[in-house]
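Undergrad: What follows is the file run38.cif, containing mmCIF, C-alpha atoms:
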```
data_entry
loop_
_atom_site.label_atom_id
_atom_site.label_comp_id
_atom_site.auth_asym_id
_atom_site.auth_seq_id
_atom_site.Cartn_x
_atom_site.Cartn_y
_atom_site.Cartn_z
CA GLU A 221 95.80 91.88 118.06
CA THR A 222 97.29 90.86 121.40
CA GLY A 223 100.84 89.78 120.48
CA VAL A 224 102.44 92.95 121.88
CA THR A 225 100.56 95.06 124.38
CA GLN A 226 101.38 98.45 125.85
CA THR A 227 100.02 100.35 128.83
CA PRO A 228 98.91 102.98 129.30
CA ARG A 229 97.62 103.90 125.85
CA HIS A 230 97.55 107.58 126.71
CA LEU A 231 99.55 109.50 129.31
CA VAL A 232 99.63 113.17 130.25
CA MET A 233 102.33 114.25 132.65
CA GLY A 234 103.99 117.35 133.97
CA MET A 235 107.69 117.99 133.61
CA THR A 236 108.35 117.11 137.25
CA ASN A 237 106.41 113.84 137.25
CA LYS A 238 107.80 110.33 137.20
CA LYS A 239 105.92 107.72 135.21
CA SER A 240 106.58 104.38 133.53
CA LEU A 241 105.48 102.84 130.25
CA LYS A 242 104.97 99.09 130.11
CA CYS A 243 105.28 96.67 127.21
CA GLU A 244 104.51 92.97 127.22
CA GLN A 245 104.95 90.50 124.38
CA HIS A 246 103.24 87.12 124.14
CA LEU A 247 105.11 85.84 121.08
CA GLY A 248 108.03 84.07 122.72
CA HIS A 249 110.49 86.58 121.26
CA ASN A 250 113.80 87.41 122.90
CA ALA A 251 114.53 90.88 121.53
CA MET A 252 112.54 94.00 122.43
CA TYR A 253 112.73 97.59 121.27
CA TRP A 254 111.57 101.08 122.19
CA TYR A 255 110.87 103.54 119.36
CA LYS A 256 109.81 107.19 119.46
CA GLN A 257 107.45 108.43 116.75
CA SER A 258 107.02 112.20 116.48
CA ALA A 259 104.95 114.10 113.96
CA LYS A 260 106.69 114.45 110.63
CA LYS A 261 109.68 112.41 111.76
CA PRO A 262 110.69 108.83 111.06
CA LEU A 263 110.48 106.15 113.67
CA GLU A 264 113.50 106.65 115.92
CA LEU A 265 115.04 103.64 117.60
CA MET A 266 115.72 104.40 121.27
CA PHE A 267 116.75 101.15 122.94
CA VAL A 268 117.26 97.51 122.02
CA TYR A 269 117.28 94.62 124.45
CA SER A 270 118.52 91.27 123.24
CA LEU A 271 118.24 88.33 125.65
CA GLU A 272 117.39 90.85 128.39
CA GLU A 273 120.62 92.77 127.92
CA ARG A 274 120.67 96.28 126.57
CA VAL A 275 122.60 96.16 123.34
CA GLU A 276 121.73 99.49 121.84
CA ASN A 277 121.21 102.98 123.25
CA ASN A 278 120.86 105.52 120.48
CA SER A 279 122.09 108.58 122.37
CA VAL A 280 118.87 108.84 124.32
CA PRO A 281 118.81 111.41 127.16
CA SER A 282 119.10 109.98 130.65
CA ARG A 283 115.59 111.18 131.52
CA PHE A 284 114.51 108.01 129.68
CA SER A 285 115.52 104.86 131.55
CA PRO A 286 114.67 101.40 130.14
CA GLU A 287 114.30 98.20 132.11
CA CYS A 288 113.91 94.65 130.85
CA PRO A 289 113.31 92.27 133.79
CA ASN A 290 112.65 89.28 131.51
CA SER A 291 112.21 88.49 127.86
CA SER A 292 108.47 89.21 127.93
CA HIS A 293 108.45 92.59 129.63
CA LEU A 294 109.97 95.95 128.84
CA PHE A 295 109.59 99.22 130.71
CA LEU A 296 110.47 102.80 129.95
CA HIS A 297 110.83 104.94 133.06
CA LEU A 298 110.29 108.64 132.54
CA HIS A 299 111.37 111.54 134.76
CA THR A 300 111.74 115.29 134.34
CA LEU A 301 110.65 115.15 130.71
CA GLN A 302 110.44 118.12 128.38
CA PRO A 303 107.50 119.18 126.18
CA GLU A 304 109.48 118.09 123.10
CA ASP A 305 109.36 114.53 124.45
CA SER A 306 105.66 114.44 123.63
CA ALA A 307 105.28 111.68 121.04
CA LEU A 308 103.97 108.19 120.39
CA TYR A 309 106.20 105.60 122.05
CA LEU A 310 106.14 102.23 120.36
CA CYS A 311 107.40 98.95 121.68
CA ALA A 312 108.33 96.09 119.35
CA SER A 313 109.65 92.55 119.64
CA SER A 314 111.37 90.07 117.36
CA GLN A 315 113.13 86.73 117.51
CA GLU A 316 116.90 87.01 117.75
CA GLY A 317 118.99 84.70 115.67
CA VAL A 318 116.39 84.41 112.94
CA PRO A 319 117.66 86.18 109.86
CA TYR A 320 115.38 88.66 108.21
CA ASN A 321 113.29 88.84 111.36
CA GLU A 322 110.02 90.73 111.37
CA GLN A 323 109.39 93.20 114.14
CA PHE A 324 105.97 93.13 115.78
CA PHE A 325 104.81 96.43 117.19
CA GLY A 326 102.55 97.27 120.08
CA PRO A 327 99.76 99.87 119.75
CA GLY A 328 101.89 102.58 121.35
CA THR A 329 101.55 105.00 124.24
CA ARG A 330 100.60 108.56 123.28
CA LEU A 331 102.59 110.74 125.68
CA THR A 332 101.89 114.41 126.28
CA VAL A 333 104.28 116.42 128.46
CA LEU A 334 102.86 119.66 129.75
CA GLY B 186 125.12 104.11 109.97
CA GLU B 187 122.43 103.70 107.39
CA ASN B 188 120.95 106.78 105.71
CA VAL B 189 117.48 106.15 104.37
CA GLU B 190 115.33 108.41 102.22
CA GLN B 191 111.84 107.85 100.93
CA HIS B 192 110.15 109.60 98.04
CA PRO B 193 107.62 111.01 97.75
CA SER B 194 106.74 112.14 101.26
CA THR B 195 103.07 112.36 100.28
CA LEU B 196 101.19 110.65 97.47
CA SER B 197 97.59 111.15 96.47
CA VAL B 198 95.93 108.84 93.93
CA GLN B 199 92.48 107.95 92.69
CA GLU B 200 91.04 104.59 93.55
CA GLY B 201 92.17 102.04 90.97
CA ASP B 202 95.38 103.87 90.11
CA SER B 203 98.85 102.54 90.88
CA ALA B 204 101.19 103.94 93.51
CA VAL B 205 104.95 103.68 93.70
CA ILE B 206 107.13 104.63 96.67
CA LYS B 207 110.92 104.62 96.41
CA CYS B 208 113.44 104.07 99.16
CA THR B 209 117.14 104.82 98.80
CA TYR B 210 119.76 103.67 101.28
CA SER B 211 123.45 104.14 101.82
CA ASP B 212 124.80 100.94 103.39
CA SER B 213 125.86 98.57 100.62
CA ALA B 214 125.89 95.73 103.18
CA SER B 215 122.10 95.96 103.60
CA ASN B 216 120.55 92.65 102.60
CA TYR B 217 116.98 92.75 103.86
CA PHE B 218 114.41 95.26 102.64
CA PRO B 219 111.02 95.35 104.39
CA TRP B 220 108.08 97.70 103.97
CA TYR B 221 105.81 98.52 106.91
CA LYS B 222 102.32 100.00 106.73
CA GLN B 223 100.86 102.15 109.50
CA GLU B 224 97.19 103.02 109.29
CA LEU B 225 95.97 106.07 111.16
CA GLY B 226 96.02 105.43 114.89
CA LYS B 227 97.37 101.91 114.49
CA ARG B 228 100.69 100.13 114.86
CA PRO B 229 103.17 99.60 111.99
CA GLN B 230 102.87 96.18 110.39
CA LEU B 231 105.09 94.39 107.90
CA ILE B 232 103.37 94.06 104.54
CA ILE B 233 106.11 92.78 102.25
CA ASP B 234 109.85 92.22 102.27
CA ILE B 235 112.60 91.17 99.92
CA ARG B 236 116.05 89.72 100.35
CA SER B 237 119.13 90.79 98.49
CA ASN B 238 119.30 87.67 96.34
CA VAL B 239 115.92 88.43 94.78
CA GLY B 240 115.10 91.27 92.39
CA GLU B 241 111.32 91.33 92.71
CA LYS B 242 108.62 89.88 94.92
CA LYS B 243 104.86 90.10 94.49
CA ASP B 244 101.96 89.46 96.84
CA GLN B 245 98.58 90.08 95.24
CA ARG B 246 98.33 93.84 94.65
CA ILE B 247 101.64 94.77 96.24
CA ALA B 248 105.14 94.18 94.96
CA VAL B 249 108.65 95.21 95.88
CA THR B 250 111.54 95.62 93.45
CA LEU B 251 115.19 95.91 94.41
CA ASN B 252 118.12 97.51 92.62
CA LYS B 253 121.17 96.71 94.75
CA THR B 254 123.58 98.40 92.38
CA ALA B 255 121.78 101.71 92.67
CA LYS B 256 120.89 101.05 96.32
CA HIS B 257 117.20 101.58 96.13
CA PHE B 258 114.03 99.53 96.38
CA SER B 259 110.44 100.39 95.63
CA LEU B 260 106.97 99.49 96.80
CA HIS B 261 104.35 99.09 94.09
CA ILE B 262 100.63 99.02 94.81
CA THR B 263 98.28 98.31 91.93
CA GLU B 264 94.51 98.84 91.76
CA THR B 265 94.65 100.99 94.89
CA GLN B 266 91.72 100.98 97.29
CA PRO B 267 90.74 103.45 100.03
CA GLU B 268 91.93 100.97 102.67
CA ASP B 269 95.45 101.32 101.24
CA SER B 270 95.50 104.85 102.68
CA ALA B 271 98.22 104.83 105.34
CA VAL B 272 101.81 105.79 106.05
CA TYR B 273 104.36 103.45 104.48
CA PHE B 274 107.87 103.03 105.86
CA CYS B 275 110.88 101.31 104.37
CA ALA B 276 113.49 99.90 106.75
CA PRO B 277 116.58 98.45 105.03
CA VAL B 278 118.91 96.50 107.26
CA ASN B 279 122.07 94.46 107.28
CA ALA B 280 120.44 91.41 108.81
CA GLY B 281 123.76 89.64 109.18
CA GLY B 282 125.49 92.51 110.93
CA THR B 283 123.91 91.81 114.32
CA SER B 284 121.81 89.10 115.80
CA TYR B 285 118.84 91.42 116.26
CA GLY B 286 116.92 93.52 113.79
CA LYS B 287 118.21 97.06 114.07
CA LEU B 288 115.97 98.71 111.54
CA THR B 289 116.57 102.23 110.25
CA PHE B 290 113.23 103.57 109.10
CA GLY B 291 112.66 106.02 106.30
CA GLN B 292 110.69 109.16 107.10
CA GLY B 293 107.49 107.65 105.76
CA THR B 294 105.19 108.27 102.79
CA ILE B 295 101.61 109.31 103.40
CA LEU B 296 99.45 107.60 100.78
CA THR B 297 95.90 108.84 100.29
CA VAL B 298 93.57 106.93 97.98
CA HIS B 299 90.50 108.94 96.96
CA PRO B 300 87.32 106.99 96.21
#
```
Would you give me this structure, written as structure tokens?

TA:
Amino acid sequence: ETGVTQTPRHLVMGMTNKKSLKCEQHLGHNAMYWYKQSAKKPLELMFVYSLEERVENNSVPSRFSPECPNSSHLFLHLHTLQPEDSALYLCASSQEGVPYNEQFFGPGTRLTVL
Amino acid sequence: GENVEQHPSTLSVQEGDSAVIKCTYSDSASNYFPWYKQELGKRPQLIIDIRSNVGEKKDQRIAVTLNKTAKHFSLHITETQPEDSAVYFCAPVNAGGTSYGKLTFGQGTILTVHP
């Protein structure tokens, strides 16, 4: 499946590193999302971008910084993370304005913070 | 905000048996009720959904039933197969509340189908 892609698929970083996660969608959607998925926890919505504007920030620490340069690309910039930030980070996209819209997920980036 | 609970958290069945997962929610304005399936190491994918003006929807071996009065909806899988083994998430939403799909996911149910 190539509708929503994410890179890298795996990332190991130290607490002082700076890294970025990338998401790209090829579905013509105009809303994009970042989710965090930890073991034994539900999918947690982090950020929502609708028409390239951030419309939702679910009390996410400032060490996570999203960027949406256009409707096809979404980034999550990471700096000074903590070990508890280790998780699977999923990107998703959907079409705004369509009721009952399905969200299409990327394969995720497995992040390990040492 | 929406409070969502799924039960059970784990479910183990024999191949050919039926499986039922229940999702309760708190926001009476919710009007769209999807179920997502996430196989091990893979991305979540929508498998079935229902809208608030419908009480039941079926697609081959899977079905979803909705009880808006009691604020719960359930996923039913009949004649289970090993490939049904996955984590299932409900994600009720008020689709008319915003122009984008702000889903609140349940904690997930791990379904294991034994051959």

Undergrad: I want to know what sits within 8 Å of Thr209 in chain B, based on only C-alpha atoms, with residues of the same chain fewer than 2 positions away left out; could you give that as a PyMOL selection string?

TA: chain B and resi 189-191+207+211+256-258

Undergrad: Using only C-alpha atoms, select each residue of chain A with any atom at most 12 Å away from an atom of chain B, and give the selection as a PDB file with C-alpha atoms, in the frame of the given file.

TA:
```
ATOM      1  CA  GLU A 221      95.800  91.880 118.060  1.00  0.00           C
ATOM      2  CA  THR A 222      97.290  90.860 121.400  1.00  0.00           C
ATOM      3  CA  GLY A 223     100.840  89.780 120.480  1.00  0.00           C
ATOM      4  CA  VAL A 224     102.440  92.950 121.880  1.00  0.00           C
ATOM      5  CA  THR A 225     100.560  95.060 124.380  1.00  0.00           C
ATOM      6  CA  GLN A 226     101.380  98.450 125.850  1.00  0.00           C
ATOM      7  CA  ARG A 229      97.620 103.900 125.850  1.00  0.00           C
ATOM      8  CA  HIS A 249     110.490  86.580 121.260  1.00  0.00           C
ATOM      9  CA  ASN A 250     113.800  87.410 122.900  1.00  0.00           C
ATOM     10  CA  ALA A 251     114.530  90.880 121.530  1.00  0.00           C
ATOM     11  CA  MET A 252     112.540  94.000 122.430  1.00  0.00           C
ATOM     12  CA  TYR A 253     112.730  97.590 121.270  1.00  0.00           C
ATOM     13  CA  TRP A 254     111.570 101.080 122.190  1.00  0.00           C
ATOM     14  CA  TYR A 255     110.870 103.540 119.360  1.00  0.00           C
ATOM     15  CA  LYS A 256     109.810 107.190 119.460  1.00  0.00           C
ATOM     16  CA  GLN A 257     107.450 108.430 116.750  1.00  0.00           C
ATOM     17  CA  SER A 258     107.020 112.200 116.480  1.00  0.00           C
ATOM     18  CA  ALA A 259     104.950 114.100 113.960  1.00  0.00           C
ATOM     19  CA  LYS A 260     106.690 114.450 110.630  1.00  0.00           C
ATOM     20  CA  LYS A 261     109.680 112.410 111.760  1.00  0.00           C
ATOM     21  CA  PRO A 262     110.690 108.830 111.060  1.00  0.00           C
ATOM     22  CA  LEU A 263     110.480 106.150 113.670  1.00  0.00           C
ATOM     23  CA  GLU A 264     113.500 106.650 115.920  1.00  0.00           C
ATOM     24  CA  LEU A 265     115.040 103.640 117.600  1.00  0.00           C
ATOM     25  CA  MET A 266     115.720 104.400 121.270  1.00  0.00           C
ATOM     26  CA  PHE A 267     116.750 101.150 122.940  1.00  0.00           C
ATOM     27  CA  VAL A 268     117.260  97.510 122.020  1.00  0.00           C
ATOM     28  CA  TYR A 269     117.280  94.620 124.450  1.00  0.00           C
ATOM     29  CA  SER A 270     118.520  91.270 123.240  1.00  0.00           C
ATOM     30  CA  LEU A 271     118.240  88.330 125.650  1.00  0.00           C
ATOM     31  CA  GLU A 273     120.620  92.770 127.920  1.00  0.00           C
ATOM     32  CA  ARG A 274     120.670  96.280 126.570  1.00  0.00           C
ATOM     33  CA  VAL A 275     122.600  96.160 123.340  1.00  0.00           C
ATOM     34  CA  GLU A 276     121.730  99.490 121.840  1.00  0.00           C
ATOM     35  CA  ASN A 277     121.210 102.980 123.250  1.00  0.00           C
ATOM     36  CA  ASN A 278     120.860 105.520 120.480  1.00  0.00           C
ATOM     37  CA  LEU A 308     103.970 108.190 120.390  1.00  0.00           C
ATOM     38  CA  TYR A 309     106.200 105.600 122.050  1.00  0.00           C
ATOM     39  CA  LEU A 310     106.140 102.230 120.360  1.00  0.00           C
ATOM     40  CA  CYS A 311     107.400  98.950 121.680  1.00  0.00           C
ATOM     41  CA  ALA A 312     108.330  96.090 119.350  1.00  0.00           C
ATOM     42  CA  SER A 313     109.650  92.550 119.640  1.00  0.00           C
ATOM     43  CA  SER A 314     111.370  90.070 117.360  1.00  0.00           C
ATOM     44  CA  GLN A 315     113.130  86.730 117.510  1.00  0.00           C
ATOM     45  CA  GLU A 316     116.900  87.010 117.750  1.00  0.00           C
ATOM     46  CA  GLY A 317     118.990  84.700 115.670  1.00  0.00           C
ATOM     47  CA  VAL A 318     116.390  84.410 112.940  1.00  0.00           C
ATOM     48  CA  PRO A 319     117.660  86.180 109.860  1.00  0.00           C
ATOM     49  CA  TYR A 320     115.380  88.660 108.210  1.00  0.00           C
ATOM     50  CA  ASN A 321     113.290  88.840 111.360  1.00  0.00           C
ATOM     51  CA  GLU A 322     110.020  90.730 111.370  1.00  0.00           C
ATOM     52  CA  GLN A 323     109.390  93.200 114.140  1.00  0.00           C
ATOM     53  CA  PHE A 324     105.970  93.130 115.780  1.00  0.00           C
ATOM     54  CA  PHE A 325     104.810  96.430 117.190  1.00  0.00           C
ATOM     55  CA  GLY A 326     102.550  97.270 120.080  1.00  0.00           C
ATOM     56  CA  PRO A 327      99.760  99.870 119.750  1.00  0.00           C
ATOM     57  CA  GLY A 328     101.890 102.580 121.350  1.00  0.00           C
ATOM     58  CA  THR A 329     101.550 105.000 124.240  1.00  0.00           C
ATOM     59  CA  ARG A 330     100.600 108.560 123.280  1.00  0.00           C
TER      60      ARG A 330
END
```

Undergrad: Given the PyMOL selection byres ((chain B and resi 264) around 12) and the file above, list the residues it selects as a VMD selection string.

TA: chain B and resid 198 to 205 245 to 247 261 to 263 265 to 269 298 300

Undergrad: Expressed in Å to a single decimal, how great is the separation between CA of Leu296 in chain B and CA of Tyr210 in chain B?

TA: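 These atoms are spaced 20.7 Å apart.
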
Undergrad: Could you check how far CA of Thr227 in chain A sits from CA of Phe295 in chain A, in Å to one decimal?

TA: 9.8 Å

Undergrad: Given the point (117.4, 101.7, 131.0) in the coordinates of this file, which residues lie within 8 Å, counting all atoms listed in the file, and how would they look as a JSON list (two decimals) with C-alpha atoms, keeping the file's coordinate frame?

TA:
```json
[["chain", "number", "residue", "atom", "x", "y", "z"],
["A", 274, "ARG", "CA", 120.67, 96.28, 126.57],
["A", 284, "PHE", "CA", 114.51, 108.01, 129.68],
["A", 285, "SER", "CA", 115.52, 104.86, 131.55],
["A", 286, "PRO", "CA", 114.67, 101.40, 130.14],
["A", 287, "GLU", "CA", 114.30, 98.20, 132.11],
["A", 288, "CYS", "CA", 113.91, 94.65, 130.85],
["A", 296, "LEU", "CA", 110.47, 102.80, 129.95],
["A", 297, "HIS", "CA", 110.83, 104.94, 133.06]]
```

Undergrad: Report, in Å with one decimal, the straight-line distance from CA of Cys243 in chain A to CA of Asn188 in chain B.

TA: 28.5 Å

Undergrad: Of the residues B:Leu225, B:Leu260, B:Val239, B:Ala255, which is the one nearest to Ile206 in chain B, using only C-alpha atoms?

TA: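 Ranking B:Leu225, B:Leu260, B:Val239, B:Ala255 by distance to Ile206 in chain B, first place goes to B:Leu260.
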
Undergrad: Let me know the residues the PyMOL selection byres ((chain A and resi 334) around 9) catches in the file above, as a PyMOL selection string.

TA: chain A and resi 232-235+302-303+306+332-333

Undergrad: Box for range 203-219 of chain B - axis-aligned, 6 Å on each of the six sides, all listed atoms - centre and size in Å to one decimal, as AutoDock Vina command-line options.

TA:
```
--center_x 112.4 --center_y 98.7 --center_z 97.6 --size_x 39.0 --size_y 24.2 --size_z 25.5
```

Undergrad: Run the PyMOL selection byres ((chain A and resi 239) around 8) mentally over the shown coordinates, then write out the matched residues as an mmCIF file with C-alpha atoms, keeping the file's coordinate frame, using the chain letters and numbers from the document.

TA:
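Saved the output as part_17.cif:
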```cif
data_model
loop_
_atom_site.group_PDB
_atom_site.id
_atom_site.type_symbol
_atom_site.label_atom_id
_atom_site.label_comp_id
_atom_site.auth_asym_id
_atom_site.auth_seq_id
_atom_site.Cartn_x
_atom_site.Cartn_y
_atom_site.Cartn_z
ATOM 1 C CA MET A 233 102.330 114.250 132.650
ATOM 2 C CA ASN A 237 106.410 113.840 137.250
ATOM 3 C CA LYS A 238 107.800 110.330 137.200
ATOM 4 C CA SER A 240 106.580 104.380 133.530
ATOM 5 C CA LEU A 241 105.480 102.840 130.250
ATOM 6 C CA HIS A 297 110.830 104.940 133.060
ATOM 7 C CA LEU A 298 110.290 108.640 132.540
ATOM 8 C CA HIS A 299 111.370 111.540 134.760
#
```
